[in-house]
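One structure is given here, and the rest of the page talks about it.
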Amino acid sequence: MRDLFFVAFLGAFFLAGFRRPFLLIAVYAYIDIVSPQRLSYFLLNSIPISFIAFVLAVGAWILVDDKKDCRLSARQFILLLLLAWCGYTTATADFPINAATKWGWVWKAMLFAIFLPVTLRTRLRIEALALFMVLCASTIIINGGMKTALSGGGYGVLNLMVDNNSGLYEGSIISTVAISLIPLILWLSRHGTVFPPDWRVKLFAYALCFACLLMPLGTEARTGIVCIAILAGLMLMRSKRRFLYGPLMAVAALAAIPFLPASFTQRMSTIENHSQDESASTRLAVWKWTLDYVREHPGGGGFDNYLQNKFTYVMQEQVIDAAGSRMENRIITDHGRAYHSAYFEMLGEQGYFGFFLWALLHLTCFIRTEAIRRLYRTREGDEAWVSPFALALQQGHVIYMVGSLFVGIAYQPFIFMMLSLQIGLDTYLTRKRKLAARQPLFPATAVAQGSPA
(Lines give C-alpha, C1' and ligand atoms only; values in the text may rest on other atoms or scores of the structure.)
Protein backbone atom coordinates (compact mmCIF):
# COMPACT_ATOMS: atom_id res chain seq x y z
CA MET A 1 0.00 0.00 0.00
CA ARG A 2 2.87 2.37 0.76
CA ASP A 3 4.46 1.63 -2.63
CA LEU A 4 1.18 2.21 -4.44
CA PHE A 5 0.69 5.52 -2.64
CA PHE A 6 4.18 6.75 -3.59
CA VAL A 7 3.72 5.68 -7.21
CA ALA A 8 0.37 7.48 -7.40
CA PHE A 9 1.76 10.59 -5.70
CA LEU A 10 4.84 10.81 -7.92
CA GLY A 11 2.73 10.06 -11.00
CA ALA A 12 0.40 12.95 -10.19
CA PHE A 13 3.42 15.15 -9.46
CA PHE A 14 5.01 14.35 -12.82
CA LEU A 15 1.72 14.96 -14.66
CA ALA A 16 1.39 18.36 -12.97
CA GLY A 17 4.93 19.07 -14.17
CA PHE A 18 3.89 18.56 -17.79
CA ARG A 19 1.35 21.35 -17.32
CA ARG A 20 3.66 23.60 -15.28
CA PRO A 21 7.24 22.60 -16.24
CA PHE A 22 8.90 24.23 -13.22
CA LEU A 23 7.14 21.66 -11.03
CA LEU A 24 9.52 19.08 -12.50
CA ILE A 25 12.29 20.96 -10.69
CA ALA A 26 10.24 20.57 -7.51
CA VAL A 27 9.84 16.83 -8.23
CA TYR A 28 13.60 16.42 -8.44
CA ALA A 29 14.10 18.41 -5.22
CA TYR A 30 11.54 16.19 -3.47
CA ILE A 31 13.24 13.00 -4.65
CA ASP A 32 16.70 14.26 -3.67
CA ILE A 33 15.67 15.39 -0.17
CA VAL A 34 13.04 12.83 0.88
CA SER A 35 14.39 9.84 -1.12
CA PRO A 36 10.99 8.13 -1.50
CA GLN A 37 12.72 5.17 -3.17
CA ARG A 38 14.22 4.37 0.24
CA LEU A 39 10.76 4.48 1.82
CA SER A 40 9.42 2.08 -0.78
CA TYR A 41 9.56 -1.68 -0.46
CA PHE A 42 9.91 -2.60 -4.12
CA LEU A 43 8.28 -0.56 -6.87
CA LEU A 44 10.28 2.68 -6.70
CA ASN A 45 13.51 0.83 -5.93
CA SER A 46 13.41 -0.73 -9.39
CA ILE A 47 12.91 2.59 -11.23
CA PRO A 48 15.61 5.31 -11.58
CA ILE A 49 13.17 8.04 -10.57
CA SER A 50 15.90 10.56 -9.74
CA PHE A 51 17.43 10.26 -13.20
CA ILE A 52 13.99 10.41 -14.86
CA ALA A 53 13.11 13.59 -12.94
CA PHE A 54 16.46 15.14 -13.88
CA VAL A 55 16.05 14.38 -17.59
CA LEU A 56 12.45 15.67 -17.65
CA ALA A 57 13.38 18.88 -15.77
CA VAL A 58 16.26 19.68 -18.12
CA GLY A 59 14.24 18.67 -21.18
CA ALA A 60 11.30 20.86 -20.18
CA TRP A 61 13.62 23.83 -19.69
CA ILE A 62 15.22 23.31 -23.12
CA LEU A 63 11.89 22.91 -24.92
CA VAL A 64 9.48 25.37 -23.32
CA ASP A 65 11.16 27.64 -20.79
CA ASP A 66 12.03 31.27 -21.48
CA LYS A 67 15.78 31.56 -21.97
CA LYS A 68 15.88 35.24 -22.88
CA ASP A 69 18.74 37.10 -21.19
CA CYS A 70 19.80 33.87 -19.44
CA ARG A 71 22.75 34.62 -17.18
CA LEU A 72 25.46 32.37 -15.80
CA SER A 73 27.34 33.18 -12.65
CA ALA A 74 31.07 32.71 -12.09
CA ARG A 75 30.09 30.43 -9.21
CA GLN A 76 28.47 28.04 -11.67
CA PHE A 77 31.75 27.80 -13.56
CA ILE A 78 33.57 27.14 -10.26
CA LEU A 79 31.09 24.35 -9.55
CA LEU A 80 31.56 22.99 -13.07
CA LEU A 81 35.34 22.97 -12.58
CA LEU A 82 34.90 21.20 -9.23
CA LEU A 83 32.67 18.62 -10.93
CA ALA A 84 35.34 17.99 -13.57
CA TRP A 85 38.03 17.65 -10.90
CA CYS A 86 35.88 15.15 -8.95
CA GLY A 87 35.52 13.18 -12.19
CA TYR A 88 39.30 13.12 -12.58
CA THR A 89 39.94 12.00 -8.99
CA THR A 90 37.29 9.30 -9.43
CA ALA A 91 39.11 7.98 -12.48
CA THR A 92 42.37 7.85 -10.50
CA ALA A 93 40.88 6.91 -7.12
CA ASP A 94 42.61 4.70 -4.56
CA PHE A 95 39.43 2.61 -4.31
CA PRO A 96 37.87 2.68 -7.83
CA ILE A 97 34.75 0.64 -7.05
CA ASN A 98 33.82 2.61 -3.92
CA ALA A 99 34.62 5.89 -5.67
CA ALA A 100 32.40 5.00 -8.63
CA THR A 101 29.50 4.26 -6.28
CA LYS A 102 29.73 7.66 -4.60
CA TRP A 103 30.33 9.40 -7.93
CA GLY A 104 27.02 7.90 -9.10
CA TRP A 105 25.04 10.36 -6.96
CA VAL A 106 27.51 13.20 -6.48
CA TRP A 107 27.70 14.16 -10.16
CA LYS A 108 23.90 14.45 -10.39
CA ALA A 109 23.72 16.69 -7.33
CA MET A 110 26.48 18.97 -8.63
CA LEU A 111 25.22 19.10 -12.21
CA PHE A 112 21.69 19.91 -11.02
CA ALA A 113 23.12 22.70 -8.85
CA ILE A 114 24.81 24.15 -11.95
CA PHE A 115 21.58 23.94 -13.93
CA LEU A 116 19.13 25.09 -11.25
CA PRO A 117 19.96 28.86 -11.14
CA VAL A 118 19.10 29.35 -14.83
CA THR A 119 15.52 28.25 -14.09
CA LEU A 120 15.04 30.69 -11.19
CA ARG A 121 13.89 33.60 -13.35
CA THR A 122 11.13 34.99 -11.11
CA ARG A 123 10.48 35.64 -7.46
CA LEU A 124 7.75 33.00 -7.51
CA ARG A 125 10.18 30.33 -8.68
CA ILE A 126 12.80 31.33 -6.11
CA GLU A 127 10.23 31.24 -3.33
CA ALA A 128 8.74 27.97 -4.63
CA LEU A 129 12.13 26.23 -4.48
CA ALA A 130 12.75 27.54 -0.95
CA LEU A 131 9.27 26.38 0.06
CA PHE A 132 9.78 22.90 -1.39
CA MET A 133 13.13 22.55 0.36
CA VAL A 134 11.46 23.41 3.67
CA LEU A 135 8.40 21.20 3.17
CA CYS A 136 10.39 18.22 1.88
CA ALA A 137 12.79 18.36 4.82
CA SER A 138 9.83 18.84 7.16
CA THR A 139 8.49 15.39 6.25
CA ILE A 140 11.51 14.01 8.12
CA ILE A 141 11.72 16.75 10.77
CA ILE A 142 8.06 16.60 11.83
CA ASN A 143 8.26 12.83 12.07
CA GLY A 144 11.37 13.05 14.24
CA GLY A 145 9.96 15.89 16.33
CA MET A 146 6.79 13.98 17.16
CA LYS A 147 8.73 10.86 18.12
CA THR A 148 11.09 12.92 20.27
CA ALA A 149 8.18 14.60 22.06
CA LEU A 150 6.49 11.25 22.71
CA SER A 151 9.45 8.99 23.47
CA GLY A 152 12.46 11.24 24.08
CA GLY A 153 14.48 9.71 21.25
CA GLY A 154 18.07 8.67 21.89
CA TYR A 155 21.40 8.28 20.15
CA GLY A 156 21.01 5.67 17.42
CA VAL A 157 17.48 4.97 18.63
CA LEU A 158 15.30 7.56 16.90
CA ASN A 159 13.92 6.03 13.70
CA LEU A 160 13.26 8.68 11.04
CA MET A 161 10.82 6.70 8.88
CA VAL A 162 13.52 4.31 7.62
CA ASP A 163 16.09 2.17 9.38
CA ASN A 164 18.85 3.63 7.22
CA ASN A 165 21.58 5.77 8.72
CA SER A 166 22.52 7.77 5.62
CA GLY A 167 21.57 11.00 3.84
CA LEU A 168 19.16 13.25 5.69
CA TYR A 169 18.05 10.26 7.75
CA GLU A 170 21.33 10.33 9.71
CA GLY A 171 21.01 12.05 13.08
CA SER A 172 23.80 14.63 12.84
CA ILE A 173 22.96 15.52 9.23
CA ILE A 174 19.24 16.08 9.80
CA SER A 175 20.01 18.05 12.97
CA THR A 176 22.33 20.37 11.01
CA VAL A 177 19.86 20.75 8.14
CA ALA A 178 16.90 21.32 10.49
CA ILE A 179 18.60 24.16 12.38
CA SER A 180 19.90 25.74 9.15
CA LEU A 181 16.32 25.82 7.81
CA ILE A 182 14.88 27.86 10.69
CA PRO A 183 15.81 31.29 9.20
CA LEU A 184 14.22 30.26 5.90
CA ILE A 185 11.07 29.01 7.66
CA LEU A 186 10.71 32.32 9.49
CA TRP A 187 11.20 34.24 6.23
CA LEU A 188 8.43 32.25 4.54
CA SER A 189 6.13 32.98 7.51
CA ARG A 190 6.66 36.73 7.02
CA HIS A 191 7.25 37.32 3.32
CA GLY A 192 5.84 34.25 1.57
CA THR A 193 3.30 34.65 -1.25
CA VAL A 194 2.56 31.02 -2.17
CA PHE A 195 0.96 30.68 1.26
CA PRO A 196 0.19 34.30 2.27
CA PRO A 197 1.21 34.82 5.90
CA ASP A 198 -1.78 34.54 8.22
CA TRP A 199 -2.23 32.99 11.64
CA ARG A 200 -2.34 29.45 10.20
CA VAL A 201 0.91 29.85 8.28
CA LYS A 202 2.64 31.46 11.26
CA LEU A 203 1.38 28.74 13.62
CA PHE A 204 2.67 26.00 11.32
CA ALA A 205 6.00 27.81 10.87
CA TYR A 206 6.55 28.23 14.63
CA ALA A 207 5.57 24.62 15.28
CA LEU A 208 7.98 23.49 12.55
CA CYS A 209 10.77 25.60 14.09
CA PHE A 210 10.08 23.89 17.41
CA ALA A 211 10.31 20.49 15.70
CA CYS A 212 13.64 21.59 14.16
CA LEU A 213 14.95 22.46 17.63
CA LEU A 214 13.85 19.04 18.89
CA MET A 215 15.94 17.18 16.30
CA PRO A 216 19.29 17.54 18.13
CA LEU A 217 17.52 16.44 21.32
CA GLY A 218 15.91 13.40 19.71
CA THR A 219 19.04 12.29 17.86
CA GLU A 220 21.41 13.37 20.67
CA ALA A 221 23.62 14.91 17.99
CA ARG A 222 26.28 17.16 19.49
CA THR A 223 26.58 18.90 16.13
CA GLY A 224 22.96 20.04 16.42
CA ILE A 225 23.63 21.71 19.79
CA VAL A 226 26.54 23.63 18.28
CA CYS A 227 24.27 24.69 15.39
CA ILE A 228 21.61 25.92 17.81
CA ALA A 229 24.23 28.04 19.58
CA ILE A 230 25.35 29.53 16.24
CA LEU A 231 21.71 30.22 15.27
CA ALA A 232 21.10 32.00 18.58
CA GLY A 233 24.22 34.11 18.09
CA LEU A 234 23.29 35.06 14.51
CA MET A 235 19.77 36.06 15.52
CA LEU A 236 20.97 38.09 18.50
CA MET A 237 23.38 39.96 16.20
CA ARG A 238 20.40 41.20 14.15
CA SER A 239 18.08 41.79 17.10
CA LYS A 240 17.45 45.31 18.40
CA ARG A 241 16.88 43.90 21.90
CA ARG A 242 19.84 41.54 22.06
CA PHE A 243 20.71 42.54 25.61
CA LEU A 244 17.22 41.51 26.73
CA TYR A 245 16.77 38.36 24.64
CA GLY A 246 20.32 37.05 25.22
CA PRO A 247 20.01 36.58 28.99
CA LEU A 248 16.46 35.24 28.58
CA MET A 249 17.69 32.59 26.14
CA ALA A 250 20.50 31.63 28.51
CA VAL A 251 18.09 31.31 31.44
CA ALA A 252 15.68 29.23 29.33
CA ALA A 253 18.51 26.90 28.30
CA LEU A 254 19.63 26.42 31.90
CA ALA A 255 16.06 25.86 33.07
CA ALA A 256 15.56 23.12 30.45
CA ILE A 257 18.58 21.06 31.57
CA PRO A 258 16.81 19.23 34.45
CA PHE A 259 14.09 18.06 32.05
CA LEU A 260 16.53 16.55 29.53
CA PRO A 261 17.21 12.79 29.48
CA ALA A 262 20.34 11.73 31.38
CA SER A 263 21.74 10.09 28.24
CA PHE A 264 21.49 13.41 26.42
CA THR A 265 23.34 15.44 29.06
CA GLN A 266 26.02 12.75 29.36
CA ARG A 267 26.60 12.77 25.61
CA MET A 268 26.67 16.58 25.44
CA SER A 269 29.34 16.66 28.17
CA THR A 270 31.75 14.99 25.73
CA ILE A 271 31.80 18.21 23.67
CA GLU A 272 34.13 19.63 26.33
CA ASN A 273 35.77 16.38 27.47
CA HIS A 274 36.48 14.95 24.02
CA SER A 275 39.51 13.02 25.29
CA GLN A 276 37.11 10.76 27.22
CA ASP A 277 34.89 10.05 24.19
CA GLU A 278 36.01 7.43 21.69
CA SER A 279 33.99 8.93 18.81
CA ALA A 280 35.49 12.41 19.27
CA SER A 281 39.02 11.06 19.78
CA THR A 282 38.68 8.96 16.62
CA ARG A 283 37.69 12.02 14.61
CA LEU A 284 40.77 13.91 15.74
CA ALA A 285 42.94 10.95 14.78
CA VAL A 286 41.28 10.72 11.34
CA TRP A 287 41.81 14.44 10.73
CA LYS A 288 45.49 14.14 11.63
CA TRP A 289 45.81 11.17 9.27
CA THR A 290 44.14 13.20 6.50
CA LEU A 291 46.65 16.04 6.83
CA ASP A 292 49.50 13.55 6.63
CA TYR A 293 47.92 11.82 3.62
CA VAL A 294 47.38 15.01 1.63
CA ARG A 295 50.92 16.13 2.37
CA GLU A 296 52.09 13.04 0.45
CA HIS A 297 49.21 12.99 -2.08
CA PRO A 298 48.35 16.66 -2.84
CA GLY A 299 45.86 15.66 -5.53
CA GLY A 300 43.71 13.66 -3.09
CA GLY A 301 42.77 10.00 -3.20
CA GLY A 302 39.26 10.09 -4.67
CA PHE A 303 35.96 9.27 -3.04
CA ASP A 304 36.04 7.05 0.07
CA ASN A 305 39.83 7.00 0.27
CA TYR A 306 39.46 7.09 4.07
CA LEU A 307 39.07 3.30 3.89
CA GLN A 308 42.87 2.98 3.97
CA ASN A 309 43.43 4.97 7.16
CA LYS A 310 44.91 3.26 10.20
CA PHE A 311 45.99 4.90 13.42
CA THR A 312 46.60 4.45 17.13
CA TYR A 313 45.76 6.95 19.83
CA VAL A 314 45.44 7.17 23.62
CA MET A 315 42.04 7.79 25.23
CA GLN A 316 41.24 8.51 28.86
CA GLU A 317 38.69 6.19 30.44
CA GLN A 318 37.03 6.35 33.84
CA VAL A 319 37.44 3.14 35.82
CA ILE A 320 35.37 2.39 38.92
CA ASP A 321 36.34 -0.53 41.16
CA ALA A 322 36.88 -1.35 44.83
CA ALA A 323 39.72 1.16 45.01
CA GLY A 324 37.41 3.95 43.91
CA SER A 325 37.11 6.01 40.73
CA ARG A 326 40.13 6.92 38.64
CA MET A 327 41.13 7.87 35.09
CA GLU A 328 43.26 5.44 33.08
CA ASN A 329 44.77 5.71 29.60
CA ARG A 330 43.64 3.18 27.02
CA ILE A 331 45.40 2.58 23.68
CA ILE A 332 42.96 2.45 20.75
CA THR A 333 43.86 1.10 17.29
CA ASP A 334 41.36 1.76 14.50
CA HIS A 335 41.18 1.78 10.72
CA GLY A 336 38.81 2.64 7.87
CA ARG A 337 37.03 5.40 9.81
CA ALA A 338 35.09 8.08 7.91
CA TYR A 339 36.15 11.73 7.98
CA HIS A 340 33.19 13.08 9.99
CA SER A 341 33.98 16.55 8.62
CA ALA A 342 33.08 18.08 5.27
CA TYR A 343 36.33 20.05 5.27
CA PHE A 344 38.58 17.03 5.78
CA GLU A 345 36.35 14.95 3.50
CA MET A 346 36.91 17.38 0.65
CA LEU A 347 40.61 17.79 1.45
CA GLY A 348 41.33 14.07 1.66
CA GLU A 349 39.27 13.07 -1.39
CA GLN A 350 39.94 16.01 -3.72
CA GLY A 351 43.28 17.30 -2.48
CA TYR A 352 44.39 20.90 -2.23
CA PHE A 353 42.94 21.98 -5.59
CA GLY A 354 39.51 20.48 -4.96
CA PHE A 355 39.39 21.93 -1.46
CA PHE A 356 40.35 25.36 -2.85
CA LEU A 357 37.50 25.26 -5.40
CA TRP A 358 35.01 24.09 -2.78
CA ALA A 359 36.05 26.76 -0.27
CA LEU A 360 36.05 29.45 -3.00
CA LEU A 361 32.51 28.47 -4.01
CA HIS A 362 31.16 28.81 -0.48
CA LEU A 363 33.10 32.00 0.22
CA THR A 364 31.95 33.79 -2.93
CA CYS A 365 28.33 32.74 -2.28
CA PHE A 366 28.57 34.21 1.21
CA ILE A 367 30.14 37.47 -0.01
CA ARG A 368 27.65 37.97 -2.85
CA THR A 369 24.67 37.23 -0.59
CA GLU A 370 25.97 39.75 1.95
CA ALA A 371 26.32 42.31 -0.85
CA ILE A 372 22.69 41.74 -1.84
CA ARG A 373 21.54 42.08 1.76
CA ARG A 374 23.28 45.43 2.12
CA LEU A 375 22.19 46.73 -1.28
CA TYR A 376 18.49 46.03 -0.64
CA ARG A 377 18.23 46.56 3.13
CA THR A 378 16.50 49.95 2.76
CA ARG A 379 14.24 48.93 -0.15
CA GLU A 380 10.48 48.95 0.32
CA GLY A 381 7.47 47.81 -1.64
CA ASP A 382 8.07 45.01 -4.15
CA GLU A 383 11.71 44.66 -3.11
CA ALA A 384 11.22 44.61 0.66
CA TRP A 385 11.54 40.81 0.67
CA VAL A 386 15.01 40.67 -0.89
CA SER A 387 17.24 41.69 2.03
CA PRO A 388 15.49 39.44 4.61
CA PHE A 389 15.66 36.54 2.14
CA ALA A 390 19.37 37.08 1.55
CA LEU A 391 19.90 37.21 5.32
CA ALA A 392 17.94 33.96 5.82
CA LEU A 393 20.01 32.20 3.15
CA GLN A 394 23.20 33.58 4.62
CA GLN A 395 22.36 32.50 8.16
CA GLY A 396 21.34 29.02 6.99
CA HIS A 397 24.56 28.76 4.99
CA VAL A 398 26.72 29.74 7.99
CA ILE A 399 24.93 27.25 10.27
CA TYR A 400 25.35 24.48 7.70
CA MET A 401 29.06 25.21 7.27
CA VAL A 402 29.65 25.22 11.02
CA GLY A 403 27.76 21.94 11.37
CA SER A 404 29.76 20.45 8.50
CA LEU A 405 32.91 20.87 10.59
CA PHE A 406 31.80 17.71 12.40
CA VAL A 407 29.79 15.86 9.72
CA GLY A 408 30.89 14.58 6.31
CA ILE A 409 28.34 16.45 4.19
CA ALA A 410 30.52 18.18 1.62
CA TYR A 411 28.51 16.79 -1.30
CA GLN A 412 25.02 16.74 0.23
CA PRO A 413 22.44 17.72 -2.45
CA PHE A 414 20.72 19.95 0.12
CA ILE A 415 23.63 22.39 0.45
CA PHE A 416 24.01 22.51 -3.33
CA MET A 417 20.34 23.54 -3.57
CA MET A 418 20.94 26.26 -1.00
CA LEU A 419 23.90 27.53 -3.01
CA SER A 420 21.76 27.44 -6.15
CA LEU A 421 19.16 29.57 -4.39
CA GLN A 422 21.82 32.15 -3.58
CA ILE A 423 23.14 32.13 -7.14
CA GLY A 424 19.63 32.26 -8.61
CA LEU A 425 18.68 35.20 -6.39
CA ASP A 426 21.80 37.08 -7.52
CA THR A 427 21.27 36.48 -11.25
CA TYR A 428 17.56 37.33 -10.96
CA LEU A 429 18.26 40.67 -9.28
CA THR A 430 21.10 41.46 -11.71
CA ARG A 431 18.75 40.82 -14.64
CA LYS A 432 16.15 43.11 -13.09
CA ARG A 433 18.66 45.91 -12.59
CA LYS A 434 19.93 45.59 -16.17
CA LEU A 435 16.39 45.68 -17.50
CA ALA A 436 15.54 48.74 -15.41
CA ALA A 437 18.68 50.51 -16.67
CA ARG A 438 17.71 49.91 -20.31
CA GLN A 439 14.22 51.37 -19.87
CA PRO A 440 13.82 55.15 -20.55
CA LEU A 441 13.17 57.29 -17.51
CA PHE A 442 10.19 58.99 -19.21
CA PRO A 443 7.66 57.81 -21.79
CA ALA A 444 8.62 58.65 -25.37
CA THR A 445 5.18 60.24 -26.01
CA ALA A 446 5.73 62.77 -23.23
CA VAL A 447 9.03 63.91 -24.75
CA ALA A 448 7.46 64.19 -28.24
CA GLN A 449 4.70 66.47 -26.90
CA GLY A 450 7.18 68.90 -25.39
CA SER A 451 6.86 67.79 -21.78
CA PRO A 452 8.90 69.82 -19.27
CA ALA A 453 10.98 66.67 -18.85
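By order of appearance in the C-alpha coordinates: chains A, B, ..., then residues from 1 within every chain, and ligands from 1 in the order shown.
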Residues within 10 Å of Pro216 (chain A), please, as a PyMOL selection string. Count only C-alpha atoms; anything in the same chain fewer than 2 positions from it doesn't count. chain A and resi 144-145+148+153-155+171-176+178-179+211-214+218-228+264
Within 10 Å of Thr139 (chain A), counting only C-alpha atoms, which residues qualify if same-chain residues fewer than 2 places away don't, as a list of chain:residue names? A:Ile33, A:Val34, A:Val134, A:Leu135, A:Cys136, A:Ala137, A:Ile141, A:Ile142, A:Asn143, A:Gly144, A:Leu160, A:Met161
Top pick for closest residue to Tyr41 (chain A), considering A:Arg2, A:Arg337, A:Arg71, A:Arg295 and counting only C-alpha atoms: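 Nearest candidate to Tyr41 (chain A) out of A:Arg2, A:Arg337, A:Arg71, A:Arg295: A:Arg2.
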If we count only C-alpha atoms and set the cut-off at 9 Å, which residues sit around Ala99 (chain A), ignoring sequence neighbours fewer than 6 positions away in its own chain? Please answer as a ChimeraX atom specification. /A:89-91,93,302-305
Length of the CA of Asp382 (chain A) to CA of Thr364 (chain A) vector [Å]: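 Interatomic distance, CA of Asp382 (chain A) to CA of Thr364 (chain A): 26.4 Å.
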Among listed residues A:Leu39, A:Ser404, A:Arg123, A:Leu203, nearest Glu383 (chain A) (using only C-alpha atoms):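 Smallest separation from Glu383 (chain A) among the options: A:Arg123.
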For CA of Ala29 (chain A) and CA of Ala205 (chain A), determine how far apart the two atoms are, in Å to one decimal place.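 Pair CA of Ala29 (chain A) / CA of Ala205 (chain A) returns 20.3 Å.
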Near-Glu370 (chain A) list (8 Å; only C-alpha atoms; drop same-chain fewer than 4 positions) as number ranges by chain: A: 366, 374, 390-391, 394
Dump as a tab-separated table (two decimals), in the first residue's frame, selection limited to all heavy atoms:
chain	number	residue	atom	x	y	z
A	366	PHE	N	28.80	33.43	0.00
A	366	PHE	CA	28.57	34.21	1.21
A	366	PHE	C	28.77	35.70	0.95
A	366	PHE	O	27.96	36.54	1.37
A	366	PHE	CB	29.52	33.74	2.32
A	366	PHE	CG	29.38	34.51	3.60
A	366	PHE	CD1	28.42	34.15	4.54
A	366	PHE	CD2	30.20	35.59	3.87
A	366	PHE	CE1	28.29	34.88	5.71
A	366	PHE	CE2	30.08	36.32	5.04
A	366	PHE	CZ	29.12	35.96	5.96
A	374	ARG	N	22.98	44.02	1.85
A	374	ARG	CA	23.28	45.43	2.12
A	374	ARG	C	22.68	46.34	1.06
A	374	ARG	O	22.21	47.44	1.37
A	374	ARG	CB	24.80	45.62	2.18
A	374	ARG	CG	25.45	44.91	3.36
A	374	ARG	CD	26.89	45.33	3.53
A	374	ARG	NE	27.50	44.68	4.70
A	374	ARG	CZ	28.66	45.04	5.21
A	374	ARG	NH1	29.36	46.03	4.66
A	374	ARG	NH2	29.14	44.41	6.28
A	390	ALA	N	17.92	37.25	1.62
A	390	ALA	CA	19.37	37.08	1.55
A	390	ALA	C	19.94	36.78	2.93
A	390	ALA	O	20.84	35.94	3.08
A	390	ALA	CB	20.02	38.34	0.96
A	391	LEU	N	19.43	37.46	3.95
A	391	LEU	CA	19.90	37.21	5.32
A	391	LEU	C	19.56	35.79	5.76
A	391	LEU	O	20.38	35.11	6.39
A	391	LEU	CB	19.28	38.23	6.27
A	391	LEU	CG	19.64	38.08	7.75
A	391	LEU	CD1	21.14	38.23	7.95
A	391	LEU	CD2	18.88	39.09	8.60
A	394	GLN	N	21.87	33.43	4.06
A	394	GLN	CA	23.20	33.58	4.62
A	394	GLN	C	23.32	32.91	5.98
A	394	GLN	O	24.29	32.19	6.26
A	394	GLN	CB	23.54	35.07	4.72
A	394	GLN	CG	24.97	35.36	5.12
A	394	GLN	CD	25.18	36.84	5.31
A	394	GLN	OE1	24.71	37.42	6.28
A	394	GLN	NE2	25.89	37.47	4.37
